[in-house]
file structure03.tsv (TSV, C-alpha atoms)
chain	number	residue	atom	x	y	z
A	1	TYR	CA	146.07	102.13	225.55
A	2	THR	CA	144.09	99.73	223.38
A	3	GLY	CA	145.71	97.37	220.91
A	4	THR	CA	144.16	94.66	218.76
A	5	PHE	CA	146.29	91.75	217.64
A	6	GLY	CA	144.25	89.30	215.59
A	7	PRO	CA	141.61	87.79	217.90
A	8	MET	CA	143.18	89.40	221.00
A	9	THR	CA	142.53	92.90	222.36
A	10	ALA	CA	144.74	94.32	225.11
A	11	ARG	CA	143.88	97.38	227.18
A	12	ALA	CA	145.84	99.31	229.81
A	13	GLU	CA	145.13	102.45	231.79
A	14	LEU	CA	147.16	104.66	234.09
A	15	ALA	CA	145.25	107.52	235.69
A	16	LEU	CA	147.03	109.96	238.00
A	17	GLY	CA	145.21	111.18	241.07
A	18	GLU	CA	144.64	114.92	240.57
A	19	VAL	CA	145.03	115.63	244.28
A	20	ALA	CA	147.30	118.55	245.13
A	21	GLY	CA	150.62	117.27	246.50
A	22	SER	CA	150.09	113.62	245.49
A	23	SER	CA	149.85	111.84	242.16
A	24	SER	CA	148.89	108.53	243.82
A	25	VAL	CA	145.78	109.59	245.81
A	26	ASN	CA	142.75	108.83	243.62
A	27	SER	CA	144.99	107.15	241.05
A	28	ALA	CA	144.02	104.02	239.14
A	29	GLN	CA	145.81	101.39	237.09
A	30	SER	CA	144.13	98.67	235.09
A	31	VAL	CA	144.87	96.04	232.46
A	32	GLY	CA	142.57	93.80	230.45
A	33	LEU	CA	142.82	91.13	227.80
A	34	ASN	CA	140.03	89.80	225.56
A	35	TYR	CA	140.05	86.92	223.11
A	36	ALA	CA	137.21	86.46	220.62
A	37	GLU	CA	137.27	84.15	217.65
A	38	GLY	CA	134.51	82.01	216.25
A	39	PRO	CA	132.20	80.74	218.97
A	40	LEU	CA	134.64	81.38	221.86
A	41	ALA	CA	135.05	84.60	223.85
A	42	LEU	CA	137.30	84.99	226.91
A	43	GLY	CA	138.22	88.00	228.99
A	44	ALA	CA	140.15	89.04	232.08
A	45	ALA	CA	140.73	92.40	233.75
A	46	TYR	CA	142.49	93.80	236.81
A	47	LEU	CA	141.98	97.21	238.46
A	48	GLN	CA	143.81	98.84	241.36
A	49	ARG	CA	142.78	102.19	242.76
A	50	LYS	CA	143.76	104.40	245.72
A	51	ASP	CA	140.88	106.53	247.01
A	52	GLY	CA	141.31	109.53	249.30
A	53	THR	CA	140.54	113.21	249.70
A	54	THR	CA	143.88	114.91	250.37
A	55	ALA	CA	147.59	114.15	250.09
A	56	SER	CA	147.93	113.94	253.91
A	57	ALA	CA	144.79	111.86	254.63
A	58	ALA	CA	144.76	108.06	254.63
A	59	THR	CA	144.01	106.38	251.32
A	60	PHE	CA	141.77	103.37	250.78
A	61	ASP	CA	143.02	100.57	248.55
A	62	TYR	CA	140.62	98.98	246.09
A	63	LYS	CA	141.56	95.94	243.98
A	64	ASN	CA	139.32	94.04	241.58
A	65	TYR	CA	139.88	91.26	239.09
A	66	LYS	CA	137.41	89.55	236.78
A	67	LEU	CA	137.51	86.48	234.55
A	68	GLY	CA	134.82	85.35	232.17
A	69	GLY	CA	134.07	83.43	229.07
A	70	ALA	CA	131.33	82.32	226.72
A	71	TYR	CA	130.90	79.67	224.06
A	72	LYS	CA	128.20	79.67	221.37
A	73	PHE	CA	127.04	76.44	219.78
A	74	GLY	CA	124.17	76.59	217.35
A	75	PRO	CA	121.30	78.58	218.86
A	76	ALA	CA	122.70	78.22	222.40
A	77	ARG	CA	125.32	80.19	224.31
A	78	VAL	CA	126.80	79.31	227.70
A	79	ALA	CA	128.65	81.91	229.79
A	80	ALA	CA	130.45	81.86	233.14
A	81	GLY	CA	132.53	84.27	235.16
A	82	TYR	CA	134.11	85.18	238.46
A	83	SER	CA	134.91	88.50	240.15
A	84	ASN	CA	136.89	89.25	243.31
A	85	GLN	CA	137.02	92.76	244.75
A	86	LYS	CA	138.81	93.86	247.91
A	87	GLN	CA	138.55	97.23	249.59
A	88	ALA	CA	140.80	98.13	252.50
A	89	THR	CA	139.95	101.14	254.65
A	90	THR	CA	141.24	102.40	258.00
A	91	THR	CA	138.44	100.58	259.85
A	92	VAL	CA	137.46	97.44	257.90
A	93	ASP	CA	138.58	95.30	254.98
A	94	THR	CA	135.81	94.07	252.70
A	95	THR	CA	135.98	91.26	250.15
A	96	THR	CA	133.15	90.58	247.70
A	97	LYS	CA	133.27	87.50	245.48
A	98	ASN	CA	130.80	87.02	242.63
A	99	ALA	CA	130.37	83.98	240.41
A	100	TRP	CA	127.84	83.40	237.63
A	101	VAL	CA	126.84	80.92	234.97
A	102	GLY	CA	124.10	81.20	232.37
A	103	LEU	CA	122.62	79.61	229.30
A	104	SER	CA	120.81	81.47	226.50
A	105	TYR	CA	118.84	79.74	223.77
A	106	ALA	CA	117.41	81.35	220.63
A	107	VAL	CA	114.06	79.62	220.18
A	108	ALA	CA	113.44	81.75	217.07
A	109	PRO	CA	115.41	84.46	215.23
A	110	THR	CA	113.61	87.13	217.29
A	111	THR	CA	113.16	85.32	220.63
A	112	GLU	CA	115.74	84.29	223.23
A	113	ILE	CA	115.28	82.54	226.59
A	114	THR	CA	117.99	82.87	229.28
A	115	GLY	CA	118.48	81.06	232.57
A	116	ALA	CA	121.22	82.10	234.99
A	117	TYR	CA	122.60	81.54	238.46
A	118	PHE	CA	124.54	84.21	240.40
A	119	GLN	CA	126.27	83.90	243.76
A	120	THR	CA	127.70	86.70	245.91
A	121	LYS	CA	129.80	86.17	249.04
A	122	LEU	CA	130.59	89.14	251.25
A	123	SER	CA	133.28	89.13	253.94
A	124	ALA	CA	133.53	92.27	256.06
A	125	GLY	CA	134.01	93.32	259.62
A	126	VAL	CA	135.45	91.64	262.69
A	127	ASN	CA	134.67	88.00	263.54
A	128	GLY	CA	132.42	87.60	260.50
A	129	ALA	CA	129.91	90.24	261.67
A	130	GLY	CA	129.66	91.62	258.12
A	131	ASP	CA	129.65	88.30	256.27
A	132	GLY	CA	126.80	87.42	253.96
A	133	LYS	CA	125.75	85.36	250.97
A	134	LYS	CA	123.26	85.79	248.13
A	135	ASN	CA	122.14	83.09	245.67
A	136	LEU	CA	120.02	84.27	242.75
A	137	LEU	CA	118.22	82.27	240.05
A	138	MET	CA	116.88	84.13	237.03
A	139	LEU	CA	114.80	83.29	233.97
A	140	SER	CA	114.24	85.85	231.21
A	141	ALA	CA	112.93	86.18	227.68
A	142	THR	CA	113.57	88.81	225.03
A	143	TYR	CA	111.72	89.49	221.80
A	144	ALA	CA	113.44	91.64	219.15
A	145	LEU	CA	111.17	94.22	217.53
A	146	SER	CA	114.14	95.48	215.44
A	147	LYS	CA	117.95	95.46	215.54
A	148	ARG	CA	117.90	98.22	218.19
A	149	THR	CA	114.67	97.59	220.13
A	150	ASN	CA	113.48	94.60	222.13
A	151	LEU	CA	110.85	93.67	224.68
A	152	TYR	CA	111.92	91.75	227.78
A	153	ALA	CA	110.41	89.92	230.73
A	154	LEU	CA	112.17	88.34	233.67
A	155	ILE	CA	111.55	86.63	236.95
A	156	ASP	CA	114.14	85.91	239.61
A	157	GLN	CA	114.42	84.69	243.17
A	158	ALA	CA	117.21	85.44	245.62
A	159	LYS	CA	118.06	83.71	248.89
A	160	LEU	CA	119.86	86.06	251.29
A	161	ASP	CA	121.96	85.16	254.31
A	162	GLY	CA	123.90	87.06	256.98
A	163	ALA	CA	124.72	90.71	256.30
A	164	LEU	CA	123.09	90.51	252.87
A	165	ARG	CA	119.63	90.00	254.37
A	166	ILE	CA	117.33	92.94	253.78
A	167	GLY	CA	117.48	94.92	257.02
A	168	GLY	CA	120.78	93.40	258.22
A	169	ASN	CA	122.19	90.30	259.84
A	170	ALA	CA	119.35	89.49	262.27
A	171	ALA	CA	117.50	86.22	261.62
A	172	VAL	CA	114.14	88.05	261.68
A	173	ASN	CA	115.05	90.20	258.66
A	174	GLN	CA	114.04	89.37	255.08
A	175	ASP	CA	115.96	86.39	253.67
A	176	ARG	CA	114.26	86.07	250.26
A	177	GLN	CA	113.36	88.34	247.38
A	178	ARG	CA	111.35	87.73	244.22
A	179	ASP	CA	111.36	90.11	241.29
A	180	VAL	CA	109.26	90.34	238.16
A	181	ALA	CA	110.05	92.86	235.44
A	182	VAL	CA	108.80	93.68	231.96
A	183	GLY	CA	110.01	96.46	229.71
A	184	ILE	CA	111.40	97.69	226.45
A	185	ASN	CA	115.06	98.40	225.54
A	186	HIS	CA	116.05	100.77	222.79
A	187	LEU	CA	119.72	101.30	221.86
A	188	PHE	CA	120.55	104.78	220.61

call {"tool": "encode", "arguments": {"input": "structure03.tsv", "output": "structure tokens"}}
result
Amino acid sequence: YTGTFGPMTARAELALGEVAGSSSVNSAQSVGLNYAEGPLALGAAYLQRKDGTTASAATFDYKNYKLGGAYKFGPARVAAGYSNQKQATTTVDTTTKNAWVGLSYAVAPTTEITGAYFQTKLSAGVNGAGDGKKNLLMLSATYALSKRTNLYALIDQAKLDGALRIGGNAAVNQDRQRDVAVGINHLF
């Protein structure tokens, strides 16, 4: 279901599981609400899913909610958001929390600079064995060649801790990453 009521858009989904003998295995339910008027945009969504293979096997619960918003003032736009996802299985429960904030600035009609900060916190396993954290700073620029095509360049740096280190939790494994990317986007 999707319904638009002035500046608000509501969405809802109910998906049955398609597993013989059970309508709940592999089922999903979700709701979302968006508000967009003038320079302000807000959104929230919730998803719940039951994953499994057969009607008699154990199912795994997955729950996710997200909140976000943005405000545009002149050539600048600030955005922030938060996401919390939990997955319960027969062996381990995992929680991943993401938060982000960013600022974009149009330095010219065809050129935009964006700076952003992202944080991920992972909680999994027994006694914190699967816990980890990632902090990422990013700076990017885009140049519009047309309404559907742009060039982009970005650089970012991530600091990794615990289970999110490259190679695992051991202190000797990689705890930082730097990325550089350039490319072209074309929307079809």

call {"tool": "residues_around", "arguments": {"input": "structure03.tsv", "residues": "range 136-149 of chain A", "least_positions_apart": "2", "cutoff": "7 Å", "atoms": "only C-alpha atoms", "output": "JSON, numbers by chain"}}
result
{"A": [110, 111, 112, 113, 114, 115, 116, 117, 118, 119, 134, 151, 152, 153, 154, 155, 156, 157, 158, 159, 185, 186, 187]}

call {"tool": "closest_residue", "arguments": {"input": "structure03.tsv", "among": "A:Leu122, A:Ala44, A:Leu67, A:Ala106", "to": "Lys86 in chain A", "atoms": "all atoms listed in the file"}}
result
A:Leu122

call {"tool": "residues_around", "arguments": {"input": "structure03.tsv", "residues": "Ser30 in chain A", "least_positions_apart": "5", "cutoff": "9 Å", "atoms": "all atoms listed in the file", "output": "number ranges by chain"}}
result
A: 11-15, 45-49

call {"tool": "closest_residue", "arguments": {"input": "structure03.tsv", "among": "A:Lys72, A:Lys63, A:Arg176, A:Lys50", "to": "Glu37 in chain A", "atoms": "all atoms listed in the file"}}
result
A:Lys72

call {"tool": "atom_distance", "arguments": {"input": "structure03.tsv", "atom1": "CA of Asp131 in chain A", "atom2": "CA of Thr96 in chain A"}}
result
9.5 Å

call {"tool": "atom_distance", "arguments": {"input": "structure03.tsv", "atom1": "CA of Phe73 in chain A", "atom2": "CA of Tyr35 in chain A"}}
result
17.0 Å

call {"tool": "closest_residue", "arguments": {"input": "structure03.tsv", "among": "A:Thr2, A:Asn135, A:Ser24, A:Gln87", "to": "Lys121 in chain A", "atoms": "all atoms listed in the file"}}
result
A:Asn135

call {"tool": "closest_residue", "arguments": {"input": "structure03.tsv", "among": "A:Leu164, A:Val182, A:Val31, A:Leu103", "to": "Tyr65 in chain A", "atoms": "only C-alpha atoms"}}
result
A:Val31

call {"tool": "build_atoms", "arguments": {"input": "structure03.tsv", "residues": "range 95-128 of chain A", "atoms": "N, CA and C atoms", "output": "compact mmCIF listing (two decimals), in the coordinates of the input"}}
result
# COMPACT_ATOMS: atom_id res chain seq x y z
N THR A 95 135.77 92.07 251.35
CA THR A 95 135.98 91.26 250.15
C THR A 95 134.62 90.81 249.64
N THR A 96 134.38 91.04 248.35
CA THR A 96 133.15 90.58 247.70
C THR A 96 133.53 89.68 246.54
N LYS A 97 133.01 88.46 246.55
CA LYS A 97 133.27 87.50 245.48
C LYS A 97 131.95 87.20 244.77
N ASN A 98 131.97 87.31 243.44
CA ASN A 98 130.80 87.02 242.63
C ASN A 98 131.14 85.93 241.63
N ALA A 99 130.22 85.01 241.44
CA ALA A 99 130.37 83.98 240.41
C ALA A 99 129.04 83.85 239.69
N TRP A 100 129.08 83.53 238.39
CA TRP A 100 127.84 83.40 237.63
C TRP A 100 128.02 82.40 236.51
N VAL A 101 126.89 81.82 236.12
CA VAL A 101 126.84 80.92 234.97
C VAL A 101 125.45 81.08 234.35
N GLY A 102 125.39 81.02 233.04
CA GLY A 102 124.10 81.20 232.37
C GLY A 102 124.05 80.49 231.04
N LEU A 103 122.85 80.24 230.58
CA LEU A 103 122.62 79.61 229.30
C LEU A 103 121.51 80.37 228.58
N SER A 104 121.80 80.80 227.34
CA SER A 104 120.81 81.47 226.50
C SER A 104 120.50 80.56 225.32
N TYR A 105 119.24 80.58 224.90
CA TYR A 105 118.84 79.74 223.77
C TYR A 105 117.90 80.54 222.88
N ALA A 106 118.26 80.65 221.61
CA ALA A 106 117.41 81.35 220.63
C ALA A 106 116.36 80.38 220.12
N VAL A 107 115.14 80.52 220.61
CA VAL A 107 114.06 79.62 220.18
C VAL A 107 113.52 80.01 218.81
N ALA A 108 113.81 81.23 218.40
CA ALA A 108 113.44 81.75 217.07
C ALA A 108 114.41 82.89 216.77
N PRO A 109 114.50 83.36 215.54
CA PRO A 109 115.41 84.46 215.23
C PRO A 109 115.16 85.73 216.05
N THR A 110 113.94 85.92 216.53
CA THR A 110 113.61 87.13 217.29
C THR A 110 113.43 86.88 218.78
N THR A 111 113.50 85.64 219.24
CA THR A 111 113.16 85.32 220.63
C THR A 111 114.28 84.51 221.29
N GLU A 112 114.69 84.98 222.48
CA GLU A 112 115.74 84.29 223.23
C GLU A 112 115.31 84.09 224.67
N ILE A 113 115.56 82.89 225.19
CA ILE A 113 115.28 82.54 226.59
C ILE A 113 116.63 82.40 227.29
N THR A 114 116.75 82.95 228.52
CA THR A 114 117.99 82.87 229.28
C THR A 114 117.69 82.42 230.70
N GLY A 115 118.50 81.48 231.18
CA GLY A 115 118.48 81.06 232.57
C GLY A 115 119.86 81.32 233.15
N ALA A 116 119.93 81.78 234.40
CA ALA A 116 121.22 82.10 234.99
C ALA A 116 121.20 81.90 236.49
N TYR A 117 122.39 81.66 237.02
CA TYR A 117 122.60 81.54 238.46
C TYR A 117 123.74 82.48 238.85
N PHE A 118 123.54 83.28 239.89
CA PHE A 118 124.54 84.21 240.40
C PHE A 118 124.74 83.95 241.88
N GLN A 119 125.99 84.03 242.33
CA GLN A 119 126.27 83.90 243.76
C GLN A 119 127.20 85.03 244.19
N THR A 120 126.87 85.66 245.32
CA THR A 120 127.70 86.70 245.91
C THR A 120 128.05 86.29 247.33
N LYS A 121 129.34 86.41 247.67
CA LYS A 121 129.80 86.17 249.04
C LYS A 121 130.49 87.44 249.52
N LEU A 122 130.06 87.92 250.66
CA LEU A 122 130.59 89.14 251.25
C LEU A 122 131.31 88.79 252.54
N SER A 123 132.51 89.31 252.71
CA SER A 123 133.28 89.13 253.94
C SER A 123 133.72 90.51 254.40
N ALA A 124 133.21 90.93 255.56
CA ALA A 124 133.53 92.27 256.06
C ALA A 124 133.38 92.30 257.57
N GLY A 125 134.16 93.14 258.19
CA GLY A 125 134.01 93.32 259.62
C GLY A 125 134.87 92.38 260.44
N VAL A 126 134.68 92.44 261.75
CA VAL A 126 135.45 91.64 262.69
C VAL A 126 134.64 90.40 263.06
N ASN A 127 135.29 89.27 263.14
CA ASN A 127 134.67 88.00 263.54
C ASN A 127 133.46 87.63 262.68
N GLY A 128 133.49 87.99 261.42
CA GLY A 128 132.42 87.60 260.50
C GLY A 128 131.14 88.38 260.66
